[in-house]
Amino acid sequence: MTTRVSISSGSDFEEAIGYSRAVVYGGWVHVSGTTGFDYQAMTISDDVVEQAEQCVRNIEAALKEAGSGLADVVRVRYMLPDPADFPPCWPTLRRHFGEVRPAATMISCGLADPRMRIEIEVTAHLGSGA
């Protein structure tokens with residue numbers, strides 16, 4: 001029987017909406033759309049690049065708790081309200097995912113809070129833990 005493990009970041013959003021930051025199931029880690037909020041302080045930068053950095057830090061923490069890591073990411077989805085905000089994030093994203101080269105999609109869409117300028121969702125294999 002496959003075990004399902006839910007991981008929380010402690011975000012108020014998870015409790016209010018009813019979801020987990022990540023779910024480990026069947027050898028995979030599914031990380032929810034993750035924004036640039038610093039969940040300890042519940043603050044968010046106005047800068048899209050800093051938000052992208054914080055998104056990756058939040059994702060990396062969830063993956064680590066799951067026993068995975070950025071090196072195990074096979075799929076990434078970037079969601080931004082303003083497509084013009086995407087190119088400034090590329091150096092940050094390349095630094096974290098450039099060696100792994102996961103399948104990727106960028107979607108332009110509204111996000112739940114107008115302060116949010118980028119949201120990132122990943123799927124990773126349970127693997128290296130790195």
# chains A, B, ... in the order shown; residues from 1 in each chain; ligands from 1
call {"tool": "select_by_dssp", "arguments": {"residues": "chain A", "states": "alpha helix (DSSP H)", "output": "PDB file with N, CA and C atoms, in the first residue's frame"}}
result
ATOM      1  N   ASP A  12      -0.687  30.456   6.696  1.00  0.00           N
ATOM      2  CA  ASP A  12      -2.097  30.630   7.044  1.00  0.00           C
ATOM      3  C   ASP A  12      -3.006  30.213   5.888  1.00  0.00           C
ATOM      4  N   PHE A  13      -2.515  30.349   4.659  1.00  0.00           N
ATOM      5  CA  PHE A  13      -3.318  30.013   3.487  1.00  0.00           C
ATOM      6  C   PHE A  13      -3.694  28.535   3.473  1.00  0.00           C
ATOM      7  N   GLU A  14      -2.765  27.677   3.881  1.00  0.00           N
ATOM      8  CA  GLU A  14      -3.019  26.237   3.846  1.00  0.00           C
ATOM      9  C   GLU A  14      -4.213  25.869   4.723  1.00  0.00           C
ATOM     10  N   GLU A  15      -4.242  26.409   5.923  1.00  0.00           N
ATOM     11  CA  GLU A  15      -5.344  26.130   6.845  1.00  0.00           C
ATOM     12  C   GLU A  15      -6.644  26.762   6.345  1.00  0.00           C
ATOM     13  N   ALA A  16      -6.578  28.009   5.911  1.00  0.00           N
ATOM     14  CA  ALA A  16      -7.784  28.728   5.488  1.00  0.00           C
ATOM     15  C   ALA A  16      -8.441  28.110   4.254  1.00  0.00           C
ATOM     16  N   ILE A  17      -7.611  27.638   3.321  1.00  0.00           N
ATOM     17  CA  ILE A  17      -8.134  27.116   2.055  1.00  0.00           C
ATOM     18  C   ILE A  17      -8.322  25.603   2.114  1.00  0.00           C
ATOM     19  N   VAL A  48       9.657  41.378  -7.826  1.00  0.00           N
ATOM     20  CA  VAL A  48       9.347  40.067  -8.399  1.00  0.00           C
ATOM     21  C   VAL A  48      10.524  39.107  -8.331  1.00  0.00           C
ATOM     22  N   VAL A  49      11.742  39.593  -8.480  1.00  0.00           N
ATOM     23  CA  VAL A  49      12.910  38.712  -8.421  1.00  0.00           C
ATOM     24  C   VAL A  49      13.091  38.181  -6.993  1.00  0.00           C
ATOM     25  N   GLU A  50      12.923  39.034  -6.001  1.00  0.00           N
ATOM     26  CA  GLU A  50      13.006  38.567  -4.612  1.00  0.00           C
ATOM     27  C   GLU A  50      11.867  37.586  -4.312  1.00  0.00           C
ATOM     28  N   GLN A  51      10.695  37.835  -4.887  1.00  0.00           N
ATOM     29  CA  GLN A  51       9.596  36.875  -4.713  1.00  0.00           C
ATOM     30  C   GLN A  51       9.962  35.523  -5.319  1.00  0.00           C
ATOM     31  N   ALA A  52      10.586  35.530  -6.492  1.00  0.00           N
ATOM     32  CA  ALA A  52      10.999  34.278  -7.121  1.00  0.00           C
ATOM     33  C   ALA A  52      12.002  33.544  -6.240  1.00  0.00           C
ATOM     34  N   GLU A  53      12.958  34.280  -5.671  1.00  0.00           N
ATOM     35  CA  GLU A  53      13.939  33.670  -4.760  1.00  0.00           C
ATOM     36  C   GLU A  53      13.241  33.035  -3.560  1.00  0.00           C
ATOM     37  N   GLN A  54      12.277  33.760  -2.979  1.00  0.00           N
ATOM     38  CA  GLN A  54      11.566  33.239  -1.814  1.00  0.00           C
ATOM     39  C   GLN A  54      10.706  32.041  -2.196  1.00  0.00           C
ATOM     40  N   CYS A  55      10.108  32.070  -3.374  1.00  0.00           N
ATOM     41  CA  CYS A  55       9.358  30.899  -3.862  1.00  0.00           C
ATOM     42  C   CYS A  55      10.253  29.667  -3.852  1.00  0.00           C
ATOM     43  N   VAL A  56      11.439  29.804  -4.400  1.00  0.00           N
ATOM     44  CA  VAL A  56      12.357  28.669  -4.486  1.00  0.00           C
ATOM     45  C   VAL A  56      12.787  28.225  -3.089  1.00  0.00           C
ATOM     46  N   ARG A  57      13.046  29.168  -2.190  1.00  0.00           N
ATOM     47  CA  ARG A  57      13.397  28.787  -0.806  1.00  0.00           C
ATOM     48  C   ARG A  57      12.261  27.998  -0.161  1.00  0.00           C
ATOM     49  N   ASN A  58      11.025  28.449  -0.381  1.00  0.00           N
ATOM     50  CA  ASN A  58       9.867  27.758   0.188  1.00  0.00           C
ATOM     51  C   ASN A  58       9.707  26.360  -0.411  1.00  0.00           C
ATOM     52  N   ILE A  59       9.897  26.257  -1.716  1.00  0.00           N
ATOM     53  CA  ILE A  59       9.805  24.966  -2.397  1.00  0.00           C
ATOM     54  C   ILE A  59      10.911  24.037  -1.916  1.00  0.00           C
ATOM     55  N   GLU A  60      12.113  24.569  -1.824  1.00  0.00           N
ATOM     56  CA  GLU A  60      13.255  23.766  -1.394  1.00  0.00           C
ATOM     57  C   GLU A  60      13.031  23.208   0.012  1.00  0.00           C
ATOM     58  N   ALA A  61      12.449  24.008   0.909  1.00  0.00           N
ATOM     59  CA  ALA A  61      12.169  23.548   2.272  1.00  0.00           C
ATOM     60  C   ALA A  61      11.163  22.400   2.261  1.00  0.00           C
ATOM     61  N   ALA A  62      10.118  22.511   1.439  1.00  0.00           N
ATOM     62  CA  ALA A  62       9.116  21.439   1.349  1.00  0.00           C
ATOM     63  C   ALA A  62       9.736  20.174   0.773  1.00  0.00           C
ATOM     64  N   LEU A  63      10.546  20.328  -0.276  1.00  0.00           N
ATOM     65  CA  LEU A  63      11.198  19.165  -0.880  1.00  0.00           C
ATOM     66  C   LEU A  63      12.139  18.483   0.115  1.00  0.00           C
ATOM     67  N   LYS A  64      12.887  19.275   0.863  1.00  0.00           N
ATOM     68  CA  LYS A  64      13.819  18.711   1.846  1.00  0.00           C
ATOM     69  C   LYS A  64      13.052  17.909   2.889  1.00  0.00           C
ATOM     70  N   GLU A  65      11.950  18.468   3.379  1.00  0.00           N
ATOM     71  CA  GLU A  65      11.148  17.754   4.372  1.00  0.00           C
ATOM     72  C   GLU A  65      10.607  16.442   3.797  1.00  0.00           C
ATOM     73  N   ALA A  66      10.356  16.416   2.502  1.00  0.00           N
ATOM     74  CA  ALA A  66       9.840  15.219   1.837  1.00  0.00           C
ATOM     75  C   ALA A  66      10.933  14.187   1.560  1.00  0.00           C
ATOM     76  N   PHE A  86       8.344  37.994 -16.106  1.00  0.00           N
ATOM     77  CA  PHE A  86       9.034  36.710 -16.191  1.00  0.00           C
ATOM     78  C   PHE A  86      10.516  36.845 -16.560  1.00  0.00           C
ATOM     79  N   PRO A  87      10.893  37.564 -17.613  1.00  0.00           N
ATOM     80  CA  PRO A  87      12.317  37.652 -17.976  1.00  0.00           C
ATOM     81  C   PRO A  87      13.246  38.119 -16.850  1.00  0.00           C
ATOM     82  N   PRO A  88      12.846  39.089 -16.009  1.00  0.00           N
ATOM     83  CA  PRO A  88      13.764  39.459 -14.921  1.00  0.00           C
ATOM     84  C   PRO A  88      14.042  38.310 -13.942  1.00  0.00           C
ATOM     85  N   CYS A  89      13.145  37.321 -13.882  1.00  0.00           N
ATOM     86  CA  CYS A  89      13.314  36.171 -12.984  1.00  0.00           C
ATOM     87  C   CYS A  89      14.208  35.087 -13.576  1.00  0.00           C
ATOM     88  N   TRP A  90      14.461  35.116 -14.864  1.00  0.00           N
ATOM     89  CA  TRP A  90      15.205  34.042 -15.517  1.00  0.00           C
ATOM     90  C   TRP A  90      16.549  33.726 -14.871  1.00  0.00           C
ATOM     91  N   PRO A  91      17.381  34.722 -14.533  1.00  0.00           N
ATOM     92  CA  PRO A  91      18.668  34.373 -13.910  1.00  0.00           C
ATOM     93  C   PRO A  91      18.490  33.584 -12.602  1.00  0.00           C
ATOM     94  N   THR A  92      17.522  33.968 -11.802  1.00  0.00           N
ATOM     95  CA  THR A  92      17.237  33.245 -10.560  1.00  0.00           C
ATOM     96  C   THR A  92      16.799  31.820 -10.863  1.00  0.00           C
ATOM     97  N   LEU A  93      15.883  31.674 -11.788  1.00  0.00           N
ATOM     98  CA  LEU A  93      15.357  30.349 -12.120  1.00  0.00           C
ATOM     99  C   LEU A  93      16.433  29.474 -12.753  1.00  0.00           C
ATOM    100  N   ARG A  94      17.263  30.068 -13.607  1.00  0.00           N
ATOM    101  CA  ARG A  94      18.361  29.323 -14.235  1.00  0.00           C
ATOM    102  C   ARG A  94      19.354  28.840 -13.178  1.00  0.00           C
ATOM    103  N   ARG A  95      19.622  29.690 -12.181  1.00  0.00           N
ATOM    104  CA  ARG A  95      20.555  29.313 -11.117  1.00  0.00           C
ATOM    105  C   ARG A  95      20.055  28.083 -10.345  1.00  0.00           C
ATOM    106  N   HIS A  96      18.763  28.001 -10.127  1.00  0.00           N
ATOM    107  CA  HIS A  96      18.209  26.895  -9.341  1.00  0.00           C
ATOM    108  C   HIS A  96      17.844  25.668 -10.175  1.00  0.00           C
ATOM    109  N   PHE A  97      17.434  25.875 -11.426  1.00  0.00           N
ATOM    110  CA  PHE A  97      16.940  24.762 -12.240  1.00  0.00           C
ATOM    111  C   PHE A  97      17.745  24.509 -13.512  1.00  0.00           C
TER     112      PHE A  97
END
call {"tool": "residues_around", "arguments": {"residues": "A:Ser6", "least_positions_apart": "3", "cutoff": "7 Å", "atoms": "only C-alpha atoms", "output": "ChimeraX atom specification"}}
result
/A:20,22-24
call {"tool": "select_by_dssp", "arguments": {"residues": "chain A", "states": "strand (DSSP E or B)", "output": "JSON, numbers by chain"}}
result
{"A": [4, 5, 6, 7, 22, 23, 24, 25, 28, 29, 30, 31, 32, 33, 34, 35, 37, 38, 43, 44, 73, 74, 75, 76, 77, 78, 79, 80, 103, 104, 105, 106, 107, 108, 119, 120, 121, 122, 123, 124, 125]}
call {"tool": "write_last_selection", "arguments": {"atoms": "C-alpha atoms", "output": "short mmCIF file (atom, residue, chain, number, x, y, z; two decimals), in the first residue's frame"}}
result
data_model
loop_
_atom_site.label_atom_id
_atom_site.label_comp_id
_atom_site.auth_asym_id
_atom_site.auth_seq_id
_atom_site.Cartn_x
_atom_site.Cartn_y
_atom_site.Cartn_z
CA ARG A 4 0.51 9.46 1.50
CA VAL A 5 2.32 12.17 3.49
CA SER A 6 1.17 15.80 3.65
CA ILE A 7 3.69 18.57 4.35
CA ALA A 22 3.34 19.38 -0.63
CA VAL A 23 2.06 15.84 -0.87
CA VAL A 24 4.37 12.82 -1.09
CA TYR A 25 2.72 9.90 -2.83
CA TRP A 28 6.66 11.63 -6.16
CA VAL A 29 6.51 14.97 -4.39
CA HIS A 30 3.80 17.34 -5.61
CA VAL A 31 4.48 20.87 -4.38
CA SER A 32 1.55 23.28 -4.48
CA GLY A 33 1.74 26.63 -6.20
CA THR A 34 4.15 28.50 -3.93
CA THR A 35 4.39 32.26 -3.68
CA PHE A 37 5.67 34.94 1.07
CA ASP A 38 8.10 34.49 3.92
CA THR A 43 5.56 39.22 4.59
CA ILE A 44 6.15 39.48 0.85
CA VAL A 73 12.45 18.35 -9.93
CA VAL A 74 11.03 17.04 -13.22
CA ARG A 75 8.24 19.57 -13.83
CA VAL A 76 7.88 23.28 -12.99
CA ARG A 77 5.04 25.70 -13.66
CA TYR A 78 5.53 29.44 -13.38
CA MET A 79 2.41 31.58 -12.96
CA LEU A 80 2.59 35.36 -13.24
CA ALA A 103 9.93 20.39 -18.18
CA ALA A 104 8.49 23.90 -17.70
CA THR A 105 5.48 26.03 -18.49
CA MET A 106 4.82 29.74 -17.89
CA ILE A 107 1.19 30.77 -17.47
CA SER A 108 -0.08 34.33 -17.31
CA GLU A 119 3.78 31.58 -8.09
CA ILE A 120 5.78 28.41 -8.76
CA GLU A 121 4.59 24.79 -8.65
CA VAL A 122 6.87 21.76 -8.98
CA THR A 123 6.76 18.00 -9.19
CA ALA A 124 9.82 16.09 -8.03
CA HIS A 125 10.82 12.47 -7.77
#
call {"tool": "atom_distance", "arguments": {"atom1": "atom CA of A:Gly18", "atom2": "atom CA of A:Gly67"}}
result
23.1 Å
call {"tool": "closest_residue", "arguments": {"among": "A:Pro81, A:Val100, A:Asp113, A:Ser8", "to": "A:Gly69", "atoms": "only C-alpha atoms"}}
result
A:Val100
call {"tool": "atom_distance", "arguments": {"atom1": "atom CA of A:Ala84", "atom2": "atom CA of A:Gly36"}}
result
17.3 Å
